[in-house]
Each structure stands twice: as structure tokens, then as C-alpha cells.
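Trainee: If it helps, the file is called model_5.cif and holds mmCIF, C-alpha atoms and all ligand atoms:
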data_entry
#
loop_
_atom_site.label_atom_id
_atom_site.label_comp_id
_atom_site.auth_asym_id
_atom_site.auth_seq_id
_atom_site.Cartn_x
_atom_site.Cartn_y
_atom_site.Cartn_z
CA MET A 1 -6.98 14.30 2.14
CA ASN A 2 -9.07 15.64 -0.67
CA SER A 3 -12.61 16.83 -0.46
CA PHE A 4 -13.95 14.07 -2.64
CA THR A 5 -17.12 12.44 -1.35
CA ASP A 6 -18.74 9.13 -2.12
CA ALA A 7 -21.69 10.93 -3.63
CA ALA A 8 -19.47 12.19 -6.39
CA LEU A 9 -18.48 8.70 -7.49
CA PRO A 10 -19.86 7.82 -10.90
CA ALA A 11 -22.87 5.57 -10.76
CA THR A 12 -21.95 1.96 -11.40
CA ASP A 13 -22.62 1.11 -15.01
CA SER A 14 -25.56 -1.17 -15.57
CA THR A 15 -23.37 -3.55 -17.57
CA ALA A 16 -21.46 -4.29 -14.37
CA THR A 17 -23.74 -7.17 -13.61
CA THR A 18 -23.03 -8.80 -16.96
CA LYS A 19 -19.28 -8.65 -16.93
CA GLU A 20 -17.78 -9.76 -20.19
CA ALA A 21 -14.78 -12.05 -20.17
CA PRO A 22 -11.98 -9.60 -20.79
CA ASP A 23 -10.14 -9.98 -24.09
CA LEU A 24 -6.57 -9.48 -22.88
CA ASP A 25 -5.07 -8.71 -26.29
CA ALA A 26 -7.71 -6.12 -27.03
CA GLN A 27 -7.14 -4.52 -23.65
CA LEU A 28 -3.39 -4.42 -24.11
CA ALA A 29 -3.79 -2.89 -27.56
CA LYS A 30 -5.37 0.05 -25.76
CA PHE A 31 -2.27 0.56 -23.63
CA THR A 32 0.27 2.84 -25.22
CA GLY A 33 2.03 4.17 -22.14
CA THR A 34 0.98 5.65 -18.82
CA VAL A 35 -1.46 8.54 -19.02
CA GLY A 36 -0.96 11.39 -16.56
CA ASN A 37 2.02 12.81 -14.76
CA VAL A 38 4.03 10.08 -13.07
CA ARG A 39 6.52 12.59 -11.65
CA VAL A 40 6.15 15.09 -8.81
CA ASP A 41 8.38 17.99 -7.77
CA ASN A 42 9.04 16.70 -4.27
CA ALA A 43 9.54 12.96 -4.75
CA LYS A 44 10.24 10.82 -1.70
CA MET A 45 10.51 7.69 -3.82
CA SER A 46 11.11 7.61 -7.53
CA MET A 47 10.69 4.53 -9.72
CA THR A 48 11.83 4.28 -13.33
CA GLY A 49 11.46 1.42 -15.80
CA VAL A 50 10.46 -1.12 -13.16
CA ASP A 51 10.03 -4.64 -14.50
CA VAL A 52 9.20 -7.57 -12.24
CA HIS A 53 9.34 -11.23 -13.20
CA TYR A 54 8.30 -14.35 -11.31
CA GLY A 55 10.39 -16.93 -13.14
CA ASP A 56 9.52 -16.43 -16.81
CA ALA A 57 6.25 -14.63 -16.13
CA GLN A 58 6.40 -10.86 -16.18
CA ALA A 59 4.13 -9.27 -13.55
CA ILE A 60 5.15 -5.60 -13.87
CA HIS A 61 6.05 -3.91 -17.15
CA ASN A 62 8.20 -0.81 -17.32
CA VAL A 63 6.52 1.24 -14.60
CA ASP A 64 7.59 4.82 -13.88
CA LEU A 65 6.11 6.45 -10.77
CA ASP A 66 7.01 8.97 -8.08
CA LEU A 67 5.63 8.99 -4.56
CA GLY A 68 5.67 12.54 -3.23
CA LYS A 69 6.60 13.72 0.23
CA ASN A 70 3.51 14.03 2.44
CA GLU A 71 1.44 12.31 -0.19
CA VAL A 72 -1.09 9.49 0.04
CA MET A 73 -1.09 7.45 -3.17
CA ALA A 74 -3.85 4.93 -3.80
CA MET A 75 -3.07 1.97 -6.04
CA ILE A 76 -6.09 0.36 -7.62
CA GLY A 77 -6.83 -2.16 -10.34
CA PRO A 78 -8.27 -5.61 -10.99
CA SER A 79 -7.11 -8.63 -9.06
CA GLY A 80 -3.79 -9.94 -10.38
CA CYS A 81 -2.77 -6.68 -12.07
CA GLY A 82 0.39 -6.40 -9.98
CA LYS A 83 -0.48 -3.95 -7.20
CA SER A 84 0.99 -6.07 -4.38
CA THR A 85 3.99 -6.98 -6.52
CA PHE A 86 4.77 -3.34 -7.22
CA LEU A 87 4.19 -2.31 -3.60
CA ARG A 88 6.54 -5.02 -2.34
CA CYS A 89 9.30 -3.71 -4.63
CA LEU A 90 9.32 -0.46 -2.69
CA ASN A 91 10.91 -1.95 0.43
CA ARG A 92 12.46 -5.01 -1.18
CA MET A 93 9.90 -7.37 0.30
CA ASN A 94 10.06 -9.24 -3.02
CA ASP A 95 13.62 -10.27 -2.07
CA THR A 96 11.99 -12.92 0.08
CA ILE A 97 10.38 -14.59 -2.97
CA GLU A 98 12.94 -16.84 -4.64
CA SER A 99 11.61 -16.62 -8.21
CA CYS A 100 11.05 -12.86 -8.11
CA LYS A 101 13.41 -10.59 -10.05
CA VAL A 102 13.12 -6.81 -9.93
CA ALA A 103 14.77 -4.59 -12.53
CA GLY A 104 14.78 -0.83 -13.07
CA SER A 105 15.61 2.08 -10.83
CA LEU A 106 13.95 2.59 -7.43
CA THR A 107 15.18 5.39 -5.21
CA LEU A 108 14.42 6.70 -1.72
CA ASP A 109 15.53 10.30 -1.21
CA GLY A 110 17.47 9.88 -4.45
CA GLU A 111 19.37 6.79 -3.30
CA ASP A 112 19.09 3.42 -5.03
CA ILE A 113 17.34 1.03 -2.65
CA TYR A 114 18.58 -2.00 -4.62
CA GLU A 115 22.19 -0.96 -4.28
CA ARG A 116 24.36 -3.85 -3.11
CA ASN A 117 25.33 -2.26 0.19
CA GLN A 118 21.80 -1.28 1.12
CA ASP A 119 20.93 -2.36 4.66
CA VAL A 120 17.59 -4.07 3.99
CA VAL A 121 16.54 -4.16 7.67
CA LEU A 122 17.05 -0.40 7.90
CA LEU A 123 15.27 0.11 4.57
CA ARG A 124 12.24 -1.79 5.86
CA ALA A 125 12.17 0.39 8.97
CA ARG A 126 12.25 3.51 6.79
CA VAL A 127 9.72 2.03 4.36
CA GLY A 128 7.29 0.02 6.50
CA ILE A 129 4.65 -2.32 5.17
CA VAL A 130 1.26 -3.51 6.40
CA PHE A 131 -0.09 -6.60 4.69
CA GLN A 132 -3.64 -7.61 3.94
CA LYS A 133 -3.37 -10.61 6.22
CA PRO A 134 -2.20 -9.68 9.70
CA ASN A 135 1.04 -11.40 10.66
CA PRO A 136 1.80 -10.68 14.32
CA PHE A 137 4.97 -12.21 15.72
CA PRO A 138 4.45 -15.09 18.18
CA LYS A 139 5.21 -12.70 21.01
CA SER A 140 3.23 -10.62 23.46
CA ILE A 141 1.23 -7.60 22.31
CA TYR A 142 3.83 -5.36 23.95
CA ASP A 143 6.78 -7.14 22.36
CA ASN A 144 5.20 -7.03 18.91
CA VAL A 145 5.14 -3.25 19.03
CA ALA A 146 8.43 -2.88 20.94
CA TYR A 147 10.30 -5.18 18.52
CA GLY A 148 11.27 -2.54 15.93
CA PRO A 149 12.13 0.24 18.40
CA ARG A 150 14.33 -2.27 20.28
CA ILE A 151 16.31 -3.51 17.27
CA HIS A 152 16.77 0.03 16.00
CA GLY A 153 17.64 1.42 19.44
CA LEU A 154 14.89 4.03 19.39
CA ALA A 155 14.23 4.10 23.14
CA ALA A 156 16.82 5.04 25.76
CA SER A 157 14.87 3.61 28.68
CA LYS A 158 12.06 1.24 29.58
CA SER A 159 9.70 4.16 30.15
CA GLU A 160 10.53 5.59 26.72
CA LEU A 161 9.81 2.22 25.17
CA ASP A 162 6.56 1.98 27.14
CA ASP A 163 5.64 5.36 25.78
CA ILE A 164 6.35 4.38 22.14
CA VAL A 165 4.27 1.22 22.57
CA GLU A 166 1.36 3.13 24.11
CA GLN A 167 1.40 5.90 21.52
CA SER A 168 1.64 3.44 18.62
CA LEU A 169 -1.27 1.38 19.94
CA LYS A 170 -3.31 4.54 20.48
CA ARG A 171 -2.65 5.76 16.95
CA ALA A 172 -3.66 2.35 15.59
CA SER A 173 -6.87 2.57 17.66
CA LEU A 174 -6.10 -0.56 19.64
CA TRP A 175 -4.92 0.77 23.01
CA SER A 176 -8.28 0.77 24.78
CA GLU A 177 -8.84 -2.87 23.85
CA VAL A 178 -5.45 -4.18 24.97
CA ALA A 179 -4.11 -1.81 27.63
CA ASP A 180 -4.85 -4.28 30.41
CA ARG A 181 -3.37 -7.33 28.66
CA LEU A 182 -0.16 -6.20 26.97
CA ASP A 183 1.58 -9.41 28.07
CA ASN A 184 -0.91 -11.64 26.26
CA PRO A 185 0.14 -13.12 22.91
CA GLY A 186 -0.57 -10.96 19.87
CA THR A 187 -1.77 -14.03 18.03
CA GLY A 188 -4.62 -14.35 20.56
CA LEU A 189 -6.31 -11.18 19.31
CA SER A 190 -9.16 -11.14 16.80
CA GLY A 191 -8.28 -10.73 13.12
CA GLY A 192 -9.16 -7.04 13.08
CA GLN A 193 -7.27 -6.44 16.32
CA GLN A 194 -4.24 -8.30 14.92
CA GLN A 195 -4.31 -6.02 11.89
CA ARG A 196 -4.32 -2.92 14.10
CA LEU A 197 -1.47 -4.50 16.10
CA CYS A 198 0.51 -4.86 12.86
CA ILE A 199 -0.22 -1.25 12.00
CA ALA A 200 1.00 -0.22 15.48
CA ARG A 201 4.14 -2.34 14.97
CA THR A 202 4.81 -0.63 11.64
CA ILE A 203 4.35 2.94 12.88
CA ALA A 204 6.32 2.30 16.11
CA VAL A 205 9.59 2.83 14.24
CA SER A 206 8.35 6.11 12.69
CA PRO A 207 8.78 5.04 9.07
CA GLU A 208 9.20 7.72 6.44
CA VAL A 209 7.12 5.77 3.94
CA ILE A 210 4.26 3.42 4.82
CA LEU A 211 3.05 0.82 2.35
CA MET A 212 -0.36 -0.67 3.00
CA ASP A 213 -1.69 -3.62 1.02
CA GLU A 214 -5.47 -3.72 1.52
CA PRO A 215 -4.99 -2.93 5.22
CA CYS A 216 -8.68 -2.70 6.01
CA SER A 217 -10.02 -5.81 4.32
CA ALA A 218 -10.20 -7.65 7.68
CA LEU A 219 -11.57 -4.67 9.59
CA ASP A 220 -15.11 -3.67 10.51
CA PRO A 221 -16.39 -0.24 9.40
CA ILE A 222 -15.53 1.38 12.74
CA ALA A 223 -11.93 0.17 12.73
CA THR A 224 -11.71 1.01 9.01
CA ALA A 225 -12.80 4.57 9.70
CA LYS A 226 -10.19 4.85 12.45
CA ILE A 227 -7.44 3.55 10.17
CA GLU A 228 -8.51 6.00 7.50
CA GLU A 229 -8.23 8.79 10.10
CA LEU A 230 -4.75 7.53 10.93
CA ILE A 231 -3.80 7.54 7.22
CA ASP A 232 -5.10 11.08 6.98
CA GLU A 233 -3.01 12.14 9.98
CA LEU A 234 0.14 10.26 8.91
CA GLY A 235 -0.17 11.56 5.35
CA LYS A 236 0.53 15.08 6.60
CA ASN A 237 4.11 14.15 7.47
CA TYR A 238 4.81 10.89 5.70
CA THR A 239 4.48 9.23 2.33
CA ILE A 240 1.83 6.55 2.13
CA ALA A 241 1.00 4.11 -0.66
CA ILE A 242 -2.18 2.15 -0.13
CA VAL A 243 -3.52 -0.68 -2.27
CA THR A 244 -7.26 -0.95 -2.00
CA HIS A 245 -10.17 -2.61 -3.77
CA SER A 246 -12.49 -0.01 -2.29
CA MET A 247 -12.78 2.93 -4.62
CA GLN A 248 -14.63 4.81 -1.89
CA GLN A 249 -11.63 4.29 0.36
CA ALA A 250 -9.21 5.41 -2.35
CA ALA A 251 -11.36 8.48 -2.89
CA ARG A 252 -11.53 9.23 0.83
CA VAL A 253 -7.89 8.85 1.78
CA SER A 254 -5.67 9.56 -1.21
CA ASP A 255 -4.26 12.61 -2.93
CA ARG A 256 -3.32 10.80 -6.14
CA THR A 257 -4.43 7.49 -7.57
CA ALA A 258 -2.55 5.03 -9.79
CA TYR A 259 -4.57 2.60 -11.89
CA PHE A 260 -2.82 -0.67 -12.76
CA HIS A 261 -3.98 -3.14 -15.36
CA LEU A 262 -2.27 -6.36 -16.51
CA GLY A 263 1.03 -5.30 -14.97
CA ARG A 264 0.97 -1.88 -16.63
CA LEU A 265 0.52 1.46 -14.95
CA VAL A 266 -2.31 2.76 -17.09
CA GLU A 267 -3.10 6.10 -15.51
CA VAL A 268 -1.97 8.33 -12.66
CA GLY A 269 -3.64 11.49 -11.53
CA VAL A 270 -5.18 13.55 -8.80
CA THR A 271 -7.69 11.24 -7.12
CA ASN A 272 -10.64 13.51 -7.71
CA ASP A 273 -9.87 13.65 -11.44
CA ILE A 274 -9.31 9.90 -11.76
CA PHE A 275 -12.71 9.15 -10.26
CA THR A 276 -14.74 11.89 -11.89
CA ASN A 277 -13.01 12.32 -15.22
CA PRO A 278 -10.59 9.51 -16.06
CA THR A 279 -8.64 9.92 -19.27
CA HIS A 280 -7.93 6.32 -20.23
CA GLN A 281 -10.69 4.03 -21.32
CA LEU A 282 -9.32 1.15 -19.23
CA THR A 283 -9.48 3.35 -16.12
CA GLU A 284 -12.99 4.44 -16.94
CA ASN A 285 -14.11 0.86 -17.52
CA TYR A 286 -12.74 -0.15 -14.13
CA ILE A 287 -14.15 2.68 -12.07
CA THR A 288 -17.54 2.34 -13.68
CA GLY A 289 -17.50 -1.40 -12.99
CA ARG A 290 -17.45 -2.62 -16.60
CA PHE A 291 -14.85 -5.23 -15.90
CA GLY A 292 -12.15 -6.25 -13.47
N1 LIG B 1 4.87 -15.35 -5.25
C1 LIG B 1 4.48 -15.36 -6.53
N2 LIG B 1 4.96 -16.28 -7.39
C2 LIG B 1 4.58 -16.32 -8.68
N3 LIG B 1 3.71 -15.45 -9.24
C3 LIG B 1 3.19 -14.50 -8.43
C4 LIG B 1 3.55 -14.41 -7.05
N4 LIG B 1 2.87 -13.37 -6.50
C5 LIG B 1 2.13 -12.85 -7.51
N5 LIG B 1 2.32 -13.53 -8.66
C6 LIG B 1 1.69 -13.23 -9.96
O1 LIG B 1 1.97 -11.88 -10.31
C7 LIG B 1 0.82 -11.26 -10.86
C8 LIG B 1 0.46 -10.04 -10.02
O2 LIG B 1 0.07 -10.50 -8.74
P1 LIG B 1 -0.21 -9.51 -7.53
O3 LIG B 1 -0.38 -10.34 -6.32
O4 LIG B 1 0.84 -8.47 -7.51
O5 LIG B 1 -1.60 -8.85 -7.98
P2 LIG B 1 -2.59 -7.88 -7.20
O6 LIG B 1 -2.89 -6.75 -8.12
O7 LIG B 1 -2.02 -7.55 -5.87
O8 LIG B 1 -3.90 -8.79 -7.05
P3 LIG B 1 -4.98 -8.84 -5.84
O9 LIG B 1 -5.85 -7.62 -6.03
O10 LIG B 1 -5.71 -10.10 -6.11
O11 LIG B 1 -4.24 -8.83 -4.54
C9 LIG B 1 -0.28 -12.32 -10.90
O12 LIG B 1 -0.29 -12.88 -12.18
C10 LIG B 1 0.18 -13.32 -9.86
O13 LIG B 1 -0.28 -14.60 -10.17
MG MG B 2 -2.62 -7.95 -3.91
#
Show me the file's structure as C-alpha cells.
Mentor:
Amino acid sequence: MNSFTDAALPATDSTATTKEAPDLDAQLAKFTGTVGNVRVDNAKMSMTGVDVHYGDAQAIHNVDLDLGKNEVMAMIGPSGCGKSTFLRCLNRMNDTIESCKVAGSLTLDGEDIYERNQDVVLLRARVGIVFQKPNPFPKSIYDNVAYGPRIHGLAASKSELDDIVEQSLKRASLWSEVADRLDNPGTGLSGGQQQRLCIARTIAVSPEVILMDEPCSALDPIATAKIEELIDELGKNYTIAIVTHSMQQAARVSDRTAYFHLGRLVEVGVTNDIFTNPTHQLTENYITGRFG
């Protein structure tokens, strides 16, 4: 967690209200390679030359990026720039999309996650993901959270499993609202509660890396603050990559920030620097609200 505060965010540019239609060619002409240091000394995941296509359309172009151990990385950028696509590459979630082809090198602790013998179920336990839209299983609240620990054999007894479920729900700030109805269906919860259930389900298997794609967009400010506290706590021991449209959230929770634009990784840097003194003009335009 850095010490950056909302007050330090640059004032939104007055032109923000009269957004110009972006000239894509002109914007791309300004991109000559990622600005900033994409590598870290203690990488948990390391990506090199990542290209992603959906059919003939290329969504990600030649992205290099490391995610450090015990680091929270925010991924920001205009809608459609490829944030979710890139995030989904990191635990092979894109495998589930027929037309999607991922190329390049992506490693976890130095090992290629796209290697043919990779156990994808195990990979997704080690690299968990929380989506923007909550997707609880059609099972009870308890069974949603217990699902991962059960299939990965993480609990030796019923009481151990009970304990994992309780701790996970507490860390996701849901326990007090569901403790007396763990047998009710997860799908019967409110949208914000479902999202916290999905977060509990993800952390129940103690993933080493947690990917979050706009995890708070369905949450009220109180639940959002609690999830940000959780990110802060988890970031001390785990690697977290969070996609967010809230620059205040990126500033609050992340150590480094990556700015994506039209499928390119434009700039990476320490979050404080990105928001107060961005190097690339495209980054500056975005954070000052000029377009995107
Ligand atoms: N399943 C899919 N099939 C085909 N094209 C896709 C698919 N998912 C995304 N795309 C395309 O890939 C590009 C990047 O999309 P992506 O969803 O990664 O953007 P994003 O940065 O996450 O946007 P948002 O902020 O709106 O969530 C877009 O042009 C999008 O239309
Ligand atoms: Mg997205």
C-alpha cells in the first residue's frame, strides 16, 4: 500500500467534458514501446512478448510485464484496451474462449504456464480470479467456499473445512451477513454479497496470485472499503493484479500501475509516479480525463 491520497490526484482537465473522438492512428503513432520498467527483481509471474488474438482481431500486442512477489499491480486504461484479456491470460482463463489464441511466454515461478503438461485446474487454484460479475456456483453458500478446498484436499476434517469456510468468509467481509444461513443457495444473495462470496471462494484455496477484474464495481462504498482492506492485507504475502476503472482505487491499493491503451502496454511505474508525474502522453491524457 502506498501513501498516495486522493487529494494528490491531478485535477480533472476541463476538456474532459468535451471528449474528442479519439483518432486511433494518431494515438498509435505515439506508441513506440512501453515506457517504464516492466521487470522487477523478485518476479512471481513474468510475461514476455504476449500477443492475444480473437480470430483475426489482435487484442494484445507484444506485452512484456512482471508481477512481483508481494506486489499489488493495478491495470488501468480505456474500455476495450485489453485489460480483461491480458488478466485472463495469467491463469489461462482465455482457454475457455474458442476463438482466443495466446502467444508469447508467461511464467509462474519461472515455469511456463502454457506448457502442454500444465495442470490447468491446479494453475487456477494457484492463480485465482475474481470477475466483475459475480458467478457463484448453484450450490449453498458453504459449498461455494468449500468447493476449492475439497477438490484440492486442503482440509483433513470437517472441522478444518468449517474453519477454512469461516475464515474465508470473514476475510471477504461476508461472514456476519451469512453465518446463520450457510446452507442457503449462494445465488440467493444480493449482487454485492455474491461478489464477496466469490472473493471468499477464491481466497479459500490460498492462491499465490489473485487476479481481480473490476471486483468492486457491484459493491457499495462500505463493501468496497472492506475489499480494499483485504487487498492491502493479502498484498503483504501474495501477488495481486487488479483491473479497475477507479483511479482513486488504483491509487489507494496498488504499488505499481500498468496503463494499457489499444492493446498496448503504454506505461508501467510506481503508482504514485504514474498518477502524479506520468511519462507518456497517452497515460497523462487518460489520468487527466482527456479521453478514454
Ligand atoms: N470473447 C471475445 N471475443 C472476441 N473479442 C473479444 C472477446 N473479449 C474481448 N474481445 C475484444 O478484445 C478487445 C479487448 O477487450 P477486453 O474485454 O480485454 O477490454 P477491457 O480493457 O477489459 O475493457 P473494459 O474496460 O470495457 O472491461 C476488445 O476489442 C474486445 O472487443
Ligand atoms: Mg474488462
Trainee: Which residue is closest to ligand LIG 1 (chain B)? Choose from A:Gly104, A:Pro78, A:Gly153, A:Gly110 and count only C-alpha atoms and all ligand atoms.
Mentor: A:Pro78
Trainee: List as a list in words the protein and nucleic acid residues lying within 9 Å of ligand MG 2 (chain B), with all atoms listed in the file counted.
Mentor: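 The neighbouring residues of ligand MG 2 (chain B) are, in order, Ser79, Gly80, Cys81, Gly82, Lys83, Ser84, Thr85, Leu87, Gln132, Asp213, Glu214, Val243 and Thr244 of chain A.
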Trainee: To one decimal place, how far is CA of Asp163 (chain A) from CA of Ala204 (chain A) in Å?
Mentor: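 Taking CA of Asp163 (chain A) and CA of Ala204 (chain A), their separation equals 10.2 Å.
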Trainee: Could you list the protein, DNA and RNA residues that have any atom within 12 Å of ligand LIG 1 (chain B), counting all atoms listed in the file, and write them as a count of residues only?
Mentor: 57
Trainee: Just how far from CA of Ile210 (chain A) is CA of Arg181 (chain A), in Å to one decimal?
Mentor: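 Computing the Euclidean distance for CA of Arg181 (chain A) and CA of Ile210 (chain A) yields 27.2 Å.
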Trainee: Would you compute the distance between CA of Asp23 (chain A) and CA of Ile274 (chain A)? Give it in Å to one decimal.
Mentor: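 Those two atoms sit 23.4 Å apart.
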Trainee: Which one of A:Glu111, A:Asp66, A:Asp25, A:Glu208 sits closest to Asn37 (chain A) if you count all atoms listed in the file?
Mentor: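 Answer, going by the shortest atom-to-atom distance: A:Asp66.
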Trainee: Kindly assemble as JSON lines a list of the region 83-154 of chain A residues that lie within 9 Å of region 186-191 of chain A, each paired with its nearest atom pair and their distance in Å to one decimal, using only C-alpha atoms, sorted first by chain and then by ascending residue number.
Mentor:
{"residue": "A:Lys133", "atom": "CA", "partner": "A:Gly191", "partner_atom": "CA", "distance": 8.5}
{"residue": "A:Pro134", "atom": "CA", "partner": "A:Gly191", "partner_atom": "CA", "distance": 7.1}
{"residue": "A:Asn135", "atom": "CA", "partner": "A:Thr187", "partner_atom": "CA", "distance": 8.3}
{"residue": "A:Pro136", "atom": "CA", "partner": "A:Gly186", "partner_atom": "CA", "distance": 6.0}
{"residue": "A:Phe137", "atom": "CA", "partner": "A:Gly186", "partner_atom": "CA", "distance": 7.0}
{"residue": "A:Pro138", "atom": "CA", "partner": "A:Thr187", "partner_atom": "CA", "distance": 6.3}
{"residue": "A:Lys139", "atom": "CA", "partner": "A:Gly186", "partner_atom": "CA", "distance": 6.1}
{"residue": "A:Ser140", "atom": "CA", "partner": "A:Gly186", "partner_atom": "CA", "distance": 5.2}
{"residue": "A:Ile141", "atom": "CA", "partner": "A:Gly186", "partner_atom": "CA", "distance": 4.5}
{"residue": "A:Tyr142", "atom": "CA", "partner": "A:Gly186", "partner_atom": "CA", "distance": 8.2}
{"residue": "A:Asp143", "atom": "CA", "partner": "A:Gly186", "partner_atom": "CA", "distance": 8.6}
{"residue": "A:Asn144", "atom": "CA", "partner": "A:Gly186", "partner_atom": "CA", "distance": 7.0}
Trainee: Could you pull the residues within 10 Å of Ser173 (chain A), counting only C-alpha atoms, minus those fewer than 4 positions along the same chain, as a list in words?
Mentor: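 Within the cut-off, the hits are Gln167, Ser168, Leu169, Glu177, Gln193, Arg196, Leu197, Ile199, Ala200, Ala223, Lys226, Ile227, Glu229 and Leu230 of chain A.
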Trainee: Find, counting all atoms listed in the file, the residue in A:Lys236, A:Leu219, A:Ala125, A:Asn184 that gets nearest to Leu154 (chain A).
Mentor: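 Looking only at the distances to Leu154 (chain A), the closest residue turns out to be A:Ala125.
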